[in-house]
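Structure file final.cif (mmCIF, C-alpha atoms) follows.
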data_work
loop_
_atom_site.label_atom_id
_atom_site.label_comp_id
_atom_site.auth_asym_id
_atom_site.auth_seq_id
_atom_site.Cartn_x
_atom_site.Cartn_y
_atom_site.Cartn_z
CA MET R 6 103.43 101.11 101.34
CA PHE R 7 100.40 98.82 101.12
CA GLY R 8 97.01 99.44 102.68
CA LYS R 9 95.06 97.04 104.85
CA ASN R 10 92.00 97.03 102.59
CA VAL R 11 93.05 97.67 99.00
CA LEU R 12 90.60 98.34 96.15
CA LEU R 13 92.05 97.40 92.77
CA LEU R 14 90.28 99.27 89.98
CA VAL R 15 90.16 96.96 86.96
CA PRO R 16 89.37 98.75 83.68
CA HIS R 17 89.05 95.47 81.75
CA PRO R 18 89.30 91.92 83.05
CA ASP R 19 92.98 90.96 82.55
CA ASP R 20 94.37 94.33 83.71
CA GLU R 21 94.58 92.99 87.25
CA VAL R 22 97.04 90.38 85.96
CA VAL R 23 98.92 92.62 83.53
CA ALA R 24 99.49 95.43 86.01
CA CYS R 25 100.09 93.81 89.34
CA ALA R 26 99.73 90.03 89.63
CA ALA R 27 103.00 89.67 91.54
CA THR R 28 102.48 92.80 93.62
CA ILE R 29 99.10 91.47 94.72
CA ALA R 30 100.81 88.44 96.24
CA HIS R 31 103.49 90.66 97.78
CA ALA R 32 100.85 92.87 99.43
CA GLN R 33 98.87 89.85 100.63
CA ALA R 34 102.01 88.46 102.25
CA GLN R 35 102.15 91.70 104.25
CA GLY R 36 98.55 91.27 105.40
CA ALA R 37 96.64 93.28 102.79
CA LYS R 38 93.19 92.21 101.63
CA ILE R 39 92.70 92.91 97.92
CA PHE R 40 89.27 93.74 96.54
CA ALA R 41 88.69 94.12 92.79
CA LEU R 42 86.11 96.35 91.12
CA TYR R 43 85.65 95.50 87.42
CA LEU R 44 84.61 98.69 85.63
CA THR R 45 83.81 97.15 82.23
CA HIS R 46 83.01 93.61 81.14
CA GLY R 47 86.08 93.81 78.89
CA CYS R 48 84.40 93.23 75.52
CA LEU R 49 83.83 95.87 72.87
CA ALA R 50 80.35 97.26 72.40
CA GLN R 51 78.17 94.91 70.35
CA ASP R 52 77.67 97.36 67.49
CA THR R 53 81.46 97.72 67.18
CA LEU R 54 81.97 94.06 66.23
CA TRP R 55 81.86 92.59 62.76
CA PRO R 56 78.20 91.94 61.85
CA TRP R 57 78.66 88.17 61.83
CA GLN R 58 80.06 88.25 65.38
CA ARG R 59 77.19 90.12 66.99
CA LYS R 60 74.89 87.12 67.42
CA ASP R 61 77.47 85.58 69.77
CA TYR R 62 77.91 88.70 71.88
CA ALA R 63 76.42 87.26 75.07
CA THR R 64 78.77 84.30 74.76
CA PHE R 65 81.80 86.57 74.43
CA VAL R 66 80.83 88.58 77.52
CA ALA R 67 80.09 85.46 79.57
CA ARG R 68 83.43 83.92 78.60
CA ARG R 69 85.36 87.01 79.68
CA ARG R 70 83.48 87.08 82.99
CA SER R 71 84.27 83.40 83.58
CA GLU R 72 87.95 84.01 82.88
CA ALA R 73 87.96 86.95 85.29
CA GLU R 74 86.39 84.84 88.02
CA GLN R 75 89.02 82.14 87.49
CA ALA R 76 91.80 84.75 87.60
CA ALA R 77 90.38 86.27 90.80
CA LYS R 78 90.39 82.85 92.43
CA PHE R 79 93.95 82.22 91.21
CA LEU R 80 95.13 85.57 92.59
CA LYS R 81 93.06 85.20 95.79
CA ILE R 82 91.38 88.57 95.34
CA GLU R 83 87.74 89.35 96.13
CA PRO R 84 85.55 90.75 93.32
CA VAL R 85 83.18 93.41 94.66
CA GLY R 86 81.48 94.58 91.48
CA TRP R 87 80.97 93.55 87.87
CA SER R 88 80.01 96.26 85.40
CA ALA R 89 77.90 95.73 82.28
CA ARG R 90 79.77 98.64 80.68
CA PRO R 91 81.62 97.80 77.41
CA ALA R 92 85.33 98.40 76.99
CA ARG R 93 86.31 101.85 75.69
CA HIS R 94 83.36 103.42 77.54
CA VAL R 95 84.82 104.32 80.95
CA TRP R 96 86.03 107.70 79.72
CA ARG R 97 82.56 108.36 78.28
CA ASP R 98 80.80 107.55 81.57
CA LEU R 99 83.03 109.10 84.20
CA SER R 100 80.35 110.29 86.64
CA SER R 101 78.79 106.83 86.86
CA VAL R 102 82.20 105.15 87.20
CA TYR R 103 83.14 107.58 89.97
CA MET R 104 79.98 106.75 91.92
CA ASP R 105 80.65 103.02 91.52
CA ILE R 106 84.11 103.53 93.01
CA GLN R 107 82.87 105.74 95.84
CA ALA R 108 80.33 103.11 96.83
CA ALA R 109 82.92 100.32 96.87
CA VAL R 110 85.37 102.43 98.90
CA ALA R 111 82.71 103.13 101.54
CA ARG R 112 81.31 99.59 101.60
CA HIS R 113 84.64 97.85 102.18
CA ALA R 114 86.44 100.40 104.36
CA ILE R 115 89.08 100.89 101.67
CA ASP R 116 92.25 102.65 102.76
CA GLN R 117 94.17 102.37 99.46
CA LEU R 118 93.29 102.46 95.76
CA TRP R 119 95.32 100.84 92.99
CA VAL R 120 94.79 102.45 89.59
CA PRO R 121 96.34 102.20 86.12
CA ALA R 122 98.99 104.75 85.23
CA TYR R 123 98.27 107.83 83.15
CA GLU R 124 100.45 106.68 80.25
CA GLY R 125 98.32 106.70 77.11
CA GLY R 126 98.07 102.93 77.01
CA ASN R 127 94.29 102.87 76.97
CA ALA R 128 91.74 105.66 77.21
CA ASP R 129 89.84 103.81 79.97
CA HIS R 130 93.05 103.45 81.98
CA ASP R 131 93.80 107.15 81.73
CA ALA R 132 90.25 108.03 82.79
CA ILE R 133 90.40 105.82 85.88
CA ASN R 134 93.74 107.36 86.81
CA ALA R 135 92.08 110.78 86.78
CA ILE R 136 89.28 109.53 89.03
CA GLY R 137 91.93 108.21 91.40
CA ASP R 138 93.22 111.75 91.76
CA LEU R 139 89.94 112.71 93.44
CA PHE R 140 90.70 110.31 96.30
CA THR R 141 94.26 111.38 97.11
CA ASP R 142 93.19 113.76 99.86
CA LYS R 143 91.30 110.94 101.62
CA ILE R 144 93.23 107.68 101.11
CA SER R 145 96.45 106.39 99.64
CA VAL R 146 96.47 105.90 95.85
CA LEU R 147 99.06 103.86 93.96
CA GLU R 148 99.35 103.80 90.17
CA PHE R 149 100.71 100.86 88.19
CA ALA R 150 102.47 101.10 84.83
CA GLU R 151 101.23 98.66 82.19
CA TYR R 152 102.30 99.75 78.70
CA ASN R 153 103.00 102.92 76.73
CA PHE R 154 104.27 104.05 73.32
CA LEU R 155 106.62 106.86 74.29
CA ASN R 156 108.86 107.94 71.38
CA GLY R 157 107.14 105.45 69.10
CA LYS R 158 108.43 102.39 70.96
CA ALA R 159 106.56 99.79 73.01
CA HIS R 160 107.37 99.95 76.72
CA SER R 161 106.13 97.48 79.32
CA HIS R 162 105.87 98.14 83.06
CA SER R 163 107.76 101.41 83.14
CA PHE R 164 106.44 104.94 83.48
CA PRO R 165 106.94 107.39 80.59
CA PHE R 166 108.21 110.03 83.03
CA PRO R 167 109.72 108.72 86.29
CA THR R 168 109.36 110.92 89.36
CA GLY R 169 111.87 109.11 91.55
CA GLY R 170 109.12 107.63 93.70
CA GLU R 171 108.78 104.41 91.73
CA THR R 172 109.03 100.95 93.17
CA ILE R 173 110.34 98.54 90.54
CA TYR R 174 109.53 95.05 91.68
CA GLY R 175 111.68 92.45 89.96
CA LEU R 176 109.86 89.13 89.69
CA THR R 177 111.60 85.94 90.70
CA LEU R 178 111.55 83.05 88.24
CA SER R 179 108.68 81.42 90.13
CA GLU R 180 106.74 84.71 90.13
CA GLN R 181 107.32 85.08 86.41
CA GLN R 182 105.88 81.63 85.79
CA ARG R 183 102.95 82.33 88.08
CA LYS R 184 102.18 85.50 86.14
CA ARG R 185 102.36 83.60 82.85
CA ASN R 186 99.91 81.09 84.30
CA ALA R 187 97.56 83.89 85.32
CA LEU R 188 97.75 85.50 81.88
CA ALA R 189 96.98 82.13 80.29
CA ILE R 190 93.62 82.09 82.07
CA TYR R 191 92.49 84.80 79.66
CA LYS R 192 92.43 82.58 76.60
CA SER R 193 90.04 84.95 74.83
CA GLU R 194 92.71 87.68 75.01
CA THR R 195 95.75 85.66 73.98
CA LEU R 196 96.47 87.74 70.87
CA ASN R 197 96.04 91.00 72.77
CA LEU R 198 98.38 90.05 75.61
CA ASN R 199 101.52 89.27 73.64
CA TYR R 200 102.99 92.65 74.63
CA VAL R 201 103.00 91.76 78.34
CA LYS R 202 106.42 91.20 79.90
CA VAL R 203 106.81 89.33 83.17
CA LYS R 204 110.21 90.43 84.45
CA GLN R 205 109.03 93.36 86.57
CA GLU R 206 106.10 95.38 87.85
CA CYS R 207 106.30 99.08 88.57
CA TYR R 208 104.19 101.31 90.80
CA ARG R 209 104.34 104.59 92.69
CA PRO R 210 102.11 107.00 94.62
CA LEU R 211 99.81 108.69 92.13
CA ALA R 212 101.76 111.46 90.41
CA ALA R 213 100.45 114.94 89.64
CA TYR R 214 99.19 115.14 86.05
CA ASP R 215 97.87 117.75 83.68
CA TYR R 216 94.88 115.76 82.42
CA SER R 217 94.10 118.41 79.82
CA ARG R 218 97.07 117.04 77.89
CA ALA R 219 97.80 113.58 76.55
CA ALA R 220 100.00 111.40 78.73
CA HIS R 221 103.02 112.01 76.52
CA PRO R 222 103.84 113.70 73.19
CA GLY R 223 103.49 111.76 69.97
CA THR R 224 101.31 108.76 69.23
CA LEU R 225 99.64 107.07 72.19
CA TRP R 226 99.49 103.27 72.43
CA TYR R 227 95.75 103.07 71.76
CA ALA R 228 96.05 105.42 68.78
CA ARG R 229 98.96 103.71 67.05
CA PHE R 230 96.81 101.94 64.41
CA GLN R 231 94.45 104.80 63.64
CA TRP R 232 96.00 105.11 60.19
CA VAL R 233 93.89 102.11 59.13
CA PRO R 234 91.51 103.60 56.51
CA PHE R 235 88.47 101.44 57.32
CA HIS R 236 86.49 100.32 60.35
CA HIS R 237 88.15 97.47 62.20
CA PRO R 238 86.83 96.36 65.59
CA GLN R 239 90.29 95.90 67.06
CA VAL R 240 91.41 99.42 66.15
CA ASP R 241 90.53 102.04 68.74
CA PHE R 242 89.69 105.24 66.86
CA THR R 243 89.23 107.22 70.07
CA LYS R 244 90.79 110.68 69.75
CA PRO R 245 93.14 111.48 72.64
CA ALA R 246 91.93 115.08 72.63
CA ASP R 247 88.36 113.87 73.23
CA VAL R 248 89.53 111.81 76.21
CA SER R 249 91.39 114.77 77.71
CA ASP R 250 88.35 117.01 77.19
CA ALA R 251 86.06 114.47 78.86
CA ILE R 252 88.40 114.07 81.84
CA THR R 253 88.91 117.79 82.40
CA ALA R 254 85.19 118.50 82.11
CA PHE R 255 84.45 115.77 84.65
CA LEU R 256 87.12 116.96 87.09
CA ARG R 257 85.87 120.54 86.78
CA ALA R 258 82.31 119.44 87.54
CA ALA R 259 83.45 117.29 90.47
CA ALA R 260 85.41 120.20 91.93
CA ASN R 261 82.47 122.59 91.64
CA ALA R 262 79.78 120.19 92.86
CA PRO R 263 81.21 116.99 94.38
CA LEU R 264 79.11 113.95 93.55
CA ALA R 265 77.38 112.28 96.50
CA PRO R 266 78.52 108.72 97.16
CA ALA R 267 76.24 106.05 95.75
CA ARG R 268 74.51 103.86 98.34
#

Take the structure from the file and write it as structure tokens.
Amino acid sequence: MFGKNVLLLVPHPDDEVVACAATIAHAQAQGAKIFALYLTHGCLAQDTLWPWQRKDYATFVARRRSEAEQAAKFLKIEPVGWSARPARHVWRDLSSVYMDIQAAVARHAIDQLWVPAYEGGNADHDAINAIGDLFTDKISVLEFAEYNFLNGKAHSHSFPFPTGGETIYGLTLSEQQRKRNALAIYKSETLNLNYVKVKQECYRPLAAYDYSRAAHPGTLWYARFQWVPFHHPQVDFTKPADVSDAITAFLRAAANAPLAPAR
């Protein structure tokens, strides 16, 4: 199931822990080398923050980077790229993200990609999943469930629509504690990580998706607080339809004129 040289696509520093901390160790025990490409720095764009927070923006970004480096050392994975892109911007910058991934795949002789599931948990996750689809005719691609809001309920580490090809990896007590320890490295994200369960991780070969539609009917995880009637930095007001439109436009362009790998 696991590749020899695996590239883990990390939408935001902490997703590598949330999605697959235990599976990383499992793959390493089988001889896999895990590389990690961080596709945003994990913080919101500076102009999204409260005005009084903006002066400390560089500090916030540096802290998140430091936490990610500590987590990478803890997990024994090799970072191969750090993006200056803010969170919530992957789906807005798909061509550039795609070229970043192509370059890393070529540079490190990658034979397997690990991507987030298409589950409506985060718009950046869904966008990276769609990019992963472009690699399925060349290398193996696994997708990892993190969280979703199917039927208006919070779900952790389970796919909204199983295909039968899932591997559900039940964590031992020691693995559960190790994952808690890894999550604790991200002190800046403590309040945002309280949804993370540690009893299992779930992955499968990348499924076939209709990216012109949201991951599931009803409210998506990242849209569940959009009823708030005023700007709040922690509320993602991204419209799922805009994400789907951006993904399908990108995939259409890639199919008609494949982008050359970055060098």

Separation of atom CA of Tyr216 of chain R from atom CA of Val22 of chain R in Å
25.7 Å

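Residues in contact with Lys81 of chain R at 12 Å, where only C-alpha atoms are counted and same-chain residues fewer than 4 positions away are skipped, are listed as Glu21, Val22, Ala26, Ala27, Ile29, Ala30, His31, Ala32, Gln33, Ala34, Ala37, Lys38, Ile39, Phe40, Ala41, Ala73, Glu74, Gln75, Ala76, Ala77 and Ala187 of chain R.
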
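Counting all atoms listed in the file, the residue from R:Gln239, R:Thr177, R:Gln58, R:Thr168 that sits nearest to Ala212 of chain R is R:Thr168.
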
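Against this structure, the PyMOL selection byres ((chain R and resi 50) around 9) ends up with Cys48, Leu49, Gln51, Asp52, Thr53, Leu54, Tyr62, Arg90, Pro91, Ala92, Arg93 and His94 of chain R.
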
Please write the residues from the selection above to a file, keeping C-alpha atoms, as a CSV table (one decimal), in the frame of the given file.
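Final output, saved to result.csv:
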chain,number,residue,atom,x,y,z
R,48,CYS,CA,84.4,93.2,75.5
R,49,LEU,CA,83.8,95.9,72.9
R,51,GLN,CA,78.2,94.9,70.4
R,52,ASP,CA,77.7,97.4,67.5
R,53,THR,CA,81.5,97.7,67.2
R,54,LEU,CA,82.0,94.1,66.2
R,62,TYR,CA,77.9,88.7,71.9
R,90,ARG,CA,79.8,98.6,80.7
R,91,PRO,CA,81.6,97.8,77.4
R,92,ALA,CA,85.3,98.4,77.0
R,93,ARG,CA,86.3,101.8,75.7
R,94,HIS,CA,83.4,103.4,77.5

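The residues caught by the PyMOL selection byres ((chain R and resi 15) around 8) in this file are Leu13, Leu14, Pro16, His17, Pro18, Asp19, Asp20, Glu21, Ala41, Leu42, Tyr43, Leu44, Thr45 and Val120 of chain R.
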
Identify all residues satisfying the PyMOL selection byres ((chain R and resi 229) around 10) in the given file; provide them as a PDB file with C-alpha atoms, keeping the file's coordinate frame.
ATOM      1  CA  PHE R 154     104.270 104.050  73.320  1.00  0.00           C
ATOM      2  CA  GLY R 157     107.140 105.450  69.100  1.00  0.00           C
ATOM      3  CA  GLY R 223     103.490 111.760  69.970  1.00  0.00           C
ATOM      4  CA  THR R 224     101.310 108.760  69.230  1.00  0.00           C
ATOM      5  CA  LEU R 225      99.640 107.070  72.190  1.00  0.00           C
ATOM      6  CA  TRP R 226      99.490 103.270  72.430  1.00  0.00           C
ATOM      7  CA  TYR R 227      95.750 103.070  71.760  1.00  0.00           C
ATOM      8  CA  ALA R 228      96.050 105.420  68.780  1.00  0.00           C
ATOM      9  CA  PHE R 230      96.810 101.940  64.410  1.00  0.00           C
ATOM     10  CA  GLN R 231      94.450 104.800  63.640  1.00  0.00           C
ATOM     11  CA  TRP R 232      96.000 105.110  60.190  1.00  0.00           C
ATOM     12  CA  VAL R 233      93.890 102.110  59.130  1.00  0.00           C
ATOM     13  CA  VAL R 240      91.410  99.420  66.150  1.00  0.00           C
ATOM     14  CA  ASP R 241      90.530 102.040  68.740  1.00  0.00           C
ATOM     15  CA  PHE R 242      89.690 105.240  66.860  1.00  0.00           C
TER      16      PHE R 242
END

Mind checking which residues fall within 12 Å of Ala189 of chain R, counting only C-alpha atoms, ignoring those fewer than 4 positions away in the same chain, and posting them as a PyMOL selection string?
chain R and resi 19+22-23+72-73+75-76+79+182-185+193-199+201

How far is it from atom CA of Trp57 of chain R to atom CA of Pro234 of chain R, in Å with one decimal?
20.8 Å

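Separating atom CA of Asn186 of chain R from atom CA of Val95 of chain R is a distance of 27.9 Å.
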
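When only C-alpha atoms are used to measure the gap to Val102 of chain R, the shortest distance among R:Ala132, R:Asp250, R:Val146, R:Pro121 belongs to R:Ala132.
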
Place N, CA and C atoms on segment 162-194 of chain R and deliver the coordinates as a short mmCIF file (atom, residue, chain, number, x, y, z; two decimals), in the frame of the given file.
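In the end it all went to out_35.cif:
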data_model
loop_
_atom_site.label_atom_id
_atom_site.label_comp_id
_atom_site.auth_asym_id
_atom_site.auth_seq_id
_atom_site.Cartn_x
_atom_site.Cartn_y
_atom_site.Cartn_z
N HIS R 162 105.62 98.03 81.63
CA HIS R 162 105.87 98.14 83.06
C HIS R 162 106.97 99.13 83.40
N SER R 163 106.89 100.29 82.78
CA SER R 163 107.76 101.41 83.14
C SER R 163 107.01 102.69 82.83
N PHE R 164 107.15 103.68 83.67
CA PHE R 164 106.44 104.94 83.48
C PHE R 164 107.11 105.79 82.40
N PRO R 165 106.33 106.51 81.60
CA PRO R 165 106.94 107.39 80.59
C PRO R 165 107.85 108.44 81.22
N PHE R 166 107.43 108.98 82.38
CA PHE R 166 108.21 110.03 83.03
C PHE R 166 108.37 109.69 84.51
N PRO R 167 109.49 109.07 84.88
CA PRO R 167 109.72 108.72 86.29
C PRO R 167 109.78 109.96 87.17
N THR R 168 109.33 109.82 88.39
CA THR R 168 109.36 110.92 89.36
C THR R 168 110.41 110.69 90.43
N GLY R 169 110.94 109.48 90.49
CA GLY R 169 111.87 109.11 91.55
C GLY R 169 111.19 108.36 92.68
N GLY R 170 109.86 108.31 92.64
CA GLY R 170 109.12 107.63 93.70
C GLY R 170 108.69 106.23 93.31
N GLU R 171 109.22 105.72 92.21
CA GLU R 171 108.78 104.41 91.73
C GLU R 171 109.35 103.27 92.55
N THR R 172 108.55 102.24 92.69
CA THR R 172 109.03 100.95 93.17
C THR R 172 109.04 100.01 91.98
N ILE R 173 110.22 99.51 91.63
CA ILE R 173 110.34 98.54 90.54
C ILE R 173 110.54 97.18 91.19
N TYR R 174 109.53 96.34 91.02
CA TYR R 174 109.53 95.05 91.68
C TYR R 174 109.94 93.98 90.69
N GLY R 175 111.18 93.49 90.84
CA GLY R 175 111.68 92.45 89.96
C GLY R 175 111.12 91.10 90.35
N LEU R 176 110.50 90.41 89.40
CA LEU R 176 109.86 89.13 89.69
C LEU R 176 110.89 88.00 89.70
N THR R 177 110.77 87.14 90.68
CA THR R 177 111.60 85.94 90.70
C THR R 177 111.14 85.01 89.57
N LEU R 178 111.92 83.99 89.30
CA LEU R 178 111.55 83.05 88.24
C LEU R 178 110.21 82.39 88.53
N SER R 179 109.97 82.05 89.79
CA SER R 179 108.68 81.42 90.13
C SER R 179 107.54 82.42 89.98
N GLU R 180 107.78 83.68 90.31
CA GLU R 180 106.74 84.71 90.13
C GLU R 180 106.47 84.96 88.65
N GLN R 181 107.52 84.92 87.85
CA GLN R 181 107.32 85.08 86.41
C GLN R 181 106.44 83.97 85.85
N GLN R 182 106.70 82.75 86.27
CA GLN R 182 105.88 81.63 85.79
C GLN R 182 104.46 81.74 86.30
N ARG R 183 104.30 82.17 87.53
CA ARG R 183 102.95 82.33 88.08
C ARG R 183 102.18 83.39 87.30
N LYS R 184 102.86 84.46 86.91
CA LYS R 184 102.18 85.50 86.14
C LYS R 184 101.82 84.98 84.76
N ARG R 185 102.70 84.22 84.13
CA ARG R 185 102.36 83.60 82.85
C ARG R 185 101.12 82.72 82.98
N ASN R 186 101.06 81.96 84.07
CA ASN R 186 99.91 81.09 84.30
C ASN R 186 98.63 81.90 84.46
N ALA R 187 98.74 83.04 85.14
CA ALA R 187 97.56 83.89 85.32
C ALA R 187 97.13 84.51 83.99
N LEU R 188 98.08 84.95 83.20
CA LEU R 188 97.75 85.50 81.88
C LEU R 188 97.08 84.45 81.00
N ALA R 189 97.52 83.21 81.12
CA ALA R 189 96.98 82.13 80.29
C ALA R 189 95.52 81.83 80.59
N ILE R 190 95.05 82.27 81.75
CA ILE R 190 93.62 82.09 82.07
C ILE R 190 92.76 82.84 81.07
N TYR R 191 93.26 83.98 80.61
CA TYR R 191 92.49 84.80 79.66
C TYR R 191 92.75 84.32 78.23
N LYS R 192 92.24 83.16 77.94
CA LYS R 192 92.43 82.58 76.60
C LYS R 192 91.80 83.44 75.52
N SER R 193 90.71 84.12 75.83
CA SER R 193 90.04 84.95 74.83
C SER R 193 90.88 86.17 74.44
N GLU R 194 91.88 86.50 75.25
CA GLU R 194 92.71 87.68 75.01
C GLU R 194 94.14 87.33 74.63
#
